[in-house]
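Undergrad: Quick one: the structure is below, questions incoming.
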Amino acid sequence: MNQHSKDKDTVGTLGELERSVMDAIWVHDDGLSAAELREVLAERDLALTTVHTVLTRLEKKGFVTRDRSIRPHRYLAVSTREDHVAELMTEVLSQAPDRQAVLARFLGTVSEADTKALRNLLGRNHSANS
Amino acid sequence: MSIVGAVLAVLAFLLAWPIPAALSRFRGDPISKVVLWQAVGLSGGLSLIGTALAFAVAPTSRSLPEGIWRLAQGQSHADLSILGWIFLIIAVALIGRLLGCLALTFYSARRTRLRHDEILHLLSEPSATYPDTRIISTDEAVAYCLPQGPRKGTAVLSTGLLEVLSEQERTAVIAHERAHLDFRHDVLVIPFAAWHRALPFFSATAIGLNSVNGLIELMADDKAREHVDPSILAQAVHAAARISPEHREDLSTQRIQRLSRPLDSARIPVRVTAILASIVLVLAPGMLLLSPLLTGF
């Protein structure tokens, strides 16, 4: 995906598998059956029971829903990938006091930003360093 | 007993406003300040509860242990005045509220982190270069860490931030996040998030939470500079600040200032003094309550 990520085949944990399954479901808007999913992930050479196990886990965690009206059952994503990213970022960037105990950000967040003071200081530092 | 109550009330007042205000203005060794903050929070809560208890049993007993003992035995219920009952109810409610909020904050933080961790692992990829670090693809420029969870803590960087950082700066940011994780800085914030949840109209709880949140950043910087060049870390703070419009300006400035100077060599004696002061602060309300010497009528 990018130069910072590990090659797909180096780690074969359940977590990695869940991620591949979600990636496949996210790009198929009308959902996938377990057998279709197995085809999409053919390079991993998965047993159908493994695919079912992963799908059941993802369903329990609330990431996929199962359409039981047709056979075989189809699995659909509950939210888009973008929505999930947005959900995480809202949590990270949130300023609510009781949220601050959850995550420590590299830069804290404030509502009122006085950029001038920092710019002055950084201007000074920068000339001192270079 | 009412003298003890009065002294405790004064102590509670001092710990609720003048002392936190002074402490937040004091610029010094972050570890000393964090220790003092924890002591102020704990001692403040104990003094508040102590004040209510002391006034509750004041008319009937010579000391608090005696008063509580008599209450527990059912001897002095009849003697308790209406005012005594009110103070007793306040004390019990305060204890319940503070402990309840502490438990609630702890568990809700834990639950939120576990859920965050679950989603994160579906959206991000492990870094090939850094251990226990994950990269999430988003334009948002963020670096943060996720303590606890089933794993031993994860540092998270966004592709948006990686783009603006050099290789060395990335290493510095990760060293900073690892310091948060290795020293469990989140544990220092939990009580203050809890006190703030319990008593949101008390300005001391907001000041305390805000201060401790800033101090753990300074502590992580201090720790990170043992492994990376402080000027590189300062550059990383600068680079991240430039593309994050809503960051804590004052804090970033303070961090860059601190990183551009050598660490104060006198910080160890300061730390020892702070620890001793904290012990006195925490013991003071308890000693006052237990002491029968001060229970003049």
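Chain labels follow the order of the structure tokens: the first chain is A, the next B, and so on; residue numbering restarts at 1 in every chain, and ligands are counted from 1 in their shown order.
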Need to verify the contact set: segment 160-165 of chain B, 12 Å, only C-alpha atoms, exclusion of same-chain residues closer than 5 positions in sequence. Can you return it as a count of residues only?

TA: 35

Undergrad: What's around segment 75-84 of chain A at 8 Å? Count only C-alpha atoms, leave out sequence neighbours fewer than 6 positions away in its own chain, and write the answer as a VMD selection string.

TA: (chain A and resid 22 25 to 26 29 to 34 55 62 to 67) or (chain B and resid 119 123)

Undergrad: Could you please take those selected residues and save N, CA and C atoms as a compact mmCIF listing (two decimals), in the first residue's frame?

TA:
# COMPACT_ATOMS: atom_id res chain seq x y z
N MET A 22 -11.76 -7.45 5.46
CA MET A 22 -12.44 -6.15 5.45
C MET A 22 -12.09 -5.37 4.19
N ILE A 25 -14.22 -6.68 1.48
CA ILE A 25 -15.65 -6.34 1.63
C ILE A 25 -15.88 -4.86 1.36
N TRP A 26 -14.92 -4.03 1.75
CA TRP A 26 -15.08 -2.58 1.56
C TRP A 26 -15.14 -2.20 0.07
N ASP A 29 -19.34 -3.23 -2.92
CA ASP A 29 -20.48 -2.54 -2.31
C ASP A 29 -21.69 -3.42 -2.08
N ASP A 30 -21.93 -4.39 -2.98
CA ASP A 30 -23.12 -5.22 -2.77
C ASP A 30 -22.81 -6.49 -1.98
N GLY A 31 -21.67 -6.51 -1.33
CA GLY A 31 -21.37 -7.61 -0.43
C GLY A 31 -20.79 -8.83 -1.12
N LEU A 32 -20.35 -9.77 -0.33
CA LEU A 32 -19.72 -10.99 -0.84
C LEU A 32 -20.22 -12.18 -0.04
N SER A 33 -20.30 -13.31 -0.68
CA SER A 33 -20.56 -14.53 0.08
C SER A 33 -19.21 -15.07 0.53
N ALA A 34 -19.25 -16.01 1.47
CA ALA A 34 -18.00 -16.57 1.99
C ALA A 34 -17.18 -17.20 0.85
N LEU A 55 -15.34 -14.17 9.31
CA LEU A 55 -16.57 -13.39 9.09
C LEU A 55 -17.44 -13.34 10.35
N GLY A 62 -19.17 -6.16 14.99
CA GLY A 62 -20.00 -5.10 14.41
C GLY A 62 -19.42 -4.43 13.18
N PHE A 63 -18.50 -5.10 12.49
CA PHE A 63 -17.93 -4.49 11.29
C PHE A 63 -18.65 -4.95 10.02
N VAL A 64 -19.25 -6.14 10.05
CA VAL A 64 -20.01 -6.60 8.89
C VAL A 64 -21.41 -7.07 9.34
N THR A 65 -22.36 -7.00 8.40
CA THR A 65 -23.67 -7.60 8.67
C THR A 65 -23.89 -8.69 7.64
N ARG A 66 -24.76 -9.61 8.03
CA ARG A 66 -25.02 -10.73 7.15
C ARG A 66 -26.41 -10.58 6.55
N ASP A 67 -26.50 -10.66 5.24
CA ASP A 67 -27.81 -10.63 4.58
C ASP A 67 -28.31 -12.06 4.50
N ILE B 119 -10.72 -1.28 15.73
CA ILE B 119 -10.91 -0.60 14.44
C ILE B 119 -9.56 -0.31 13.82
N LEU B 123 -7.71 -0.95 9.97
CA LEU B 123 -7.46 0.17 9.06
C LEU B 123 -5.98 0.46 8.83

Undergrad: Nearest residue to chain A out of B:Leu263, B:Leu290, B:Leu181, B:Leu99, using only C-alpha atoms?

TA: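 Smallest separation from chain A among the options: B:Leu181.
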
Undergrad: Env of segment 42-51 of chain B: 7 Å cut, atoms = only C-alpha atoms, seq-sep filter 5 positions within chain, self excluded. Answer as a VMD selection string.

TA: chain B and resid 5 8 to 9 11 to 12 15 to 16 91 94 to 95 281 to 282 285 289

Undergrad: One decimal, in Å: what's the spacing between atom CA of Gly28 of chain B and atom CA of Arg271 of chain B?

TA: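 Rounded to one decimal, the two atoms are 9.8 Å apart.
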
Undergrad: With a distance cut-off of 9 Å and only C-alpha atoms, select the neighbouring residues of Val21 of chain A, excluding the residue or stretch itself and same-chain residues fewer than 6 positions from it, and output the selection as a list in words.

TA: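 In the requested form, the answer reads Leu37, Leu41, Val51, Val54 and Leu55 of chain A.
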
Undergrad: Select, from B:Val35, B:Leu64, B:Ala206, B:Arg110, the residue with the minimum atom-to-atom distance to Leu88 of chain B, counting only C-alpha atoms.

TA: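 Using only C-alpha atoms, Leu88 of chain B sits closest to B:Leu64.
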
Undergrad: Which residue, A:Glu59, A:Val85, A:Thr90, A:Arg68, has the smallest gap to chain B when you use only C-alpha atoms?

TA: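 Result for the nearest residue to chain B: A:Val85.
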
Undergrad: Please list as a list of chain:residue names every residue within 12 Å of Val92 of chain A, counting only C-alpha atoms and excluding residues in the same chain fewer than 6 positions away.

TA: A:Val85, A:Ala86, A:Arg99, A:Gln100, A:Ala101, A:Val102, A:Leu103, A:Ala104, A:Arg105, A:Phe106, A:Leu107, A:Gly108, A:Thr109, B:Thr112, B:Arg113, B:His116, B:Leu120, B:Glu140, B:Ala141, B:Val142, B:Ala143, B:Tyr144, B:Cys145, B:Leu146, B:Val156, B:Leu157, B:Ser158

Undergrad: Please return, as number ranges by chain, all residues of chain B lying within 6 Å of chain A when only C-alpha atoms are considered.

TA: B: 109, 122, 125-128, 143-146, 189-190, 193, 246-249, 253

Undergrad: Mind checking which residues fall within 12 Å of Ile89 of chain B, counting only C-alpha atoms, ignoring those fewer than 4 positions away in the same chain, and posting them as a compact mmCIF listing (two decimals) with C-alpha atoms, in the first residue's frame?

TA:
# COMPACT_ATOMS: atom_id res chain seq x y z
CA ILE B 49 -14.28 14.51 52.83
CA ALA B 52 -17.58 17.04 56.20
CA LEU B 53 -16.85 14.09 58.51
CA PHE B 55 -18.27 18.60 61.30
CA ALA B 56 -20.66 15.65 61.26
CA VAL B 57 -19.29 14.08 64.43
CA LEU B 80 -26.55 13.57 65.73
CA ILE B 82 -29.80 17.72 61.68
CA LEU B 83 -26.65 19.59 60.66
CA GLY B 84 -24.58 16.56 61.66
CA TRP B 85 -26.71 14.34 59.46
CA ALA B 93 -21.87 11.23 48.86
CA LEU B 94 -18.43 12.76 48.19
CA ILE B 95 -16.65 9.47 48.85
CA GLY B 96 -19.09 7.68 46.57
CA ARG B 97 -18.87 10.28 43.82

Undergrad: Could you write out, as a compact mmCIF listing (two decimals) with C-alpha atoms, in the first residue's frame, all the residues of segment 36-116 of chain A that DSSP marks as alpha helix (DSSP H)?

TA:
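Saved result, out35.txt, follows:
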# COMPACT_ATOMS: atom_id res chain seq x y z
CA GLU A 36 -16.70 -15.40 -3.24
CA LEU A 37 -14.51 -13.96 -0.53
CA ARG A 38 -12.38 -17.07 -0.66
CA GLU A 39 -11.96 -16.54 -4.41
CA VAL A 40 -11.00 -12.88 -3.92
CA LEU A 48 -13.83 -22.06 3.70
CA THR A 49 -14.20 -22.68 7.44
CA THR A 50 -11.42 -20.15 8.10
CA VAL A 51 -13.29 -17.57 6.02
CA HIS A 52 -16.44 -18.32 8.01
CA THR A 53 -14.61 -17.99 11.31
CA VAL A 54 -13.19 -14.61 10.35
CA LEU A 55 -16.57 -13.39 9.09
CA THR A 56 -18.30 -14.49 12.29
CA ARG A 57 -15.72 -12.62 14.35
CA LEU A 58 -16.13 -9.49 12.26
CA GLU A 59 -19.91 -9.76 12.54
CA LYS A 60 -19.68 -10.05 16.34
CA ARG A 81 -13.56 2.50 5.44
CA GLU A 82 -13.59 6.32 5.36
CA ASP A 83 -16.26 6.46 8.07
CA HIS A 84 -14.18 4.23 10.32
CA VAL A 85 -11.07 6.37 9.73
CA ALA A 86 -13.12 9.48 10.52
CA GLU A 87 -14.41 7.82 13.69
CA LEU A 88 -10.87 7.15 14.89
CA MET A 89 -9.64 10.62 13.99
CA THR A 90 -12.54 12.25 15.83
CA GLU A 91 -11.51 10.32 18.91
CA VAL A 92 -7.86 11.29 18.48
CA LEU A 93 -8.53 14.96 17.85
CA THR A 115 -0.12 31.28 16.43
CA LYS A 116 1.89 34.48 16.74

Undergrad: Excluding Val212 of chain B and any residue of its chain fewer than 3 positions from it, enumerate the residues within 12 Å of it, using only C-alpha atoms, and give them as number ranges by chain.

TA: A: 97, 100-101, 104, 108; B: 20, 23-24, 30-38, 40-41, 185-193, 204-209, 215-219, 251

Undergrad: Only C-alpha atoms, please: the residues just picked out, written as a PDB file, in the first residue's frame.

TA:
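The resulting file, out-v1.pdb, is shown below:
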ATOM      1  CA  PRO A  97     -11.704  16.440  28.961  1.00  0.00           C
ATOM      2  CA  GLN A 100      -7.977  13.113  27.154  1.00  0.00           C
ATOM      3  CA  ALA A 101      -7.450  10.123  29.401  1.00  0.00           C
ATOM      4  CA  ALA A 104      -1.995  10.854  24.274  1.00  0.00           C
ATOM      5  CA  GLY A 108      -2.227  18.423  22.422  1.00  0.00           C
TER       6      GLY A 108
ATOM      7  CA  PRO B  20      -3.330  24.624  42.030  1.00  0.00           C
ATOM      8  CA  LEU B  23       1.462  25.130  40.789  1.00  0.00           C
ATOM      9  CA  SER B  24       0.209  25.611  37.237  1.00  0.00           C
ATOM     10  CA  PRO B  30       7.833  18.103  34.974  1.00  0.00           C
ATOM     11  CA  ILE B  31       8.203  14.955  37.085  1.00  0.00           C
ATOM     12  CA  SER B  32       8.238  17.040  40.290  1.00  0.00           C
ATOM     13  CA  LYS B  33       5.162  18.884  39.131  1.00  0.00           C
ATOM     14  CA  VAL B  34       3.277  15.722  38.218  1.00  0.00           C
ATOM     15  CA  VAL B  35       4.052  14.243  41.641  1.00  0.00           C
ATOM     16  CA  LEU B  36       2.853  17.435  43.340  1.00  0.00           C
ATOM     17  CA  TRP B  37      -0.312  17.468  41.240  1.00  0.00           C
ATOM     18  CA  GLN B  38      -1.158  13.911  42.253  1.00  0.00           C
ATOM     19  CA  VAL B  40      -2.766  18.020  45.536  1.00  0.00           C
ATOM     20  CA  GLY B  41      -5.567  15.993  43.960  1.00  0.00           C
ATOM     21  CA  HIS B 185       1.744   8.195  31.362  1.00  0.00           C
ATOM     22  CA  ASP B 186      -1.953   7.515  30.819  1.00  0.00           C
ATOM     23  CA  VAL B 187      -2.171   6.327  34.436  1.00  0.00           C
ATOM     24  CA  LEU B 188      -1.119   9.808  35.606  1.00  0.00           C
ATOM     25  CA  VAL B 189      -3.965  11.418  33.660  1.00  0.00           C
ATOM     26  CA  ILE B 190      -6.754   9.032  34.728  1.00  0.00           C
ATOM     27  CA  PRO B 191      -7.218  10.429  38.283  1.00  0.00           C
ATOM     28  CA  PHE B 192      -7.430  13.993  36.985  1.00  0.00           C
ATOM     29  CA  ALA B 193      -9.901  13.054  34.277  1.00  0.00           C
ATOM     30  CA  ALA B 204      -8.875  23.164  40.229  1.00  0.00           C
ATOM     31  CA  THR B 205      -9.892  19.946  38.519  1.00  0.00           C
ATOM     32  CA  ALA B 206      -9.790  21.569  35.066  1.00  0.00           C
ATOM     33  CA  ILE B 207      -6.445  23.254  35.776  1.00  0.00           C
ATOM     34  CA  GLY B 208      -5.060  19.986  37.113  1.00  0.00           C
ATOM     35  CA  LEU B 209      -6.196  17.938  34.123  1.00  0.00           C
ATOM     36  CA  LEU B 215       3.396  17.690  31.722  1.00  0.00           C
ATOM     37  CA  ILE B 216       3.307  14.164  30.337  1.00  0.00           C
ATOM     38  CA  GLU B 217       4.312  15.635  26.953  1.00  0.00           C
ATOM     39  CA  LEU B 218       7.345  17.295  28.559  1.00  0.00           C
ATOM     40  CA  MET B 219       8.156  14.054  30.379  1.00  0.00           C
ATOM     41  CA  LEU B 251       2.479  23.680  24.954  1.00  0.00           C
TER      42      LEU B 251
END
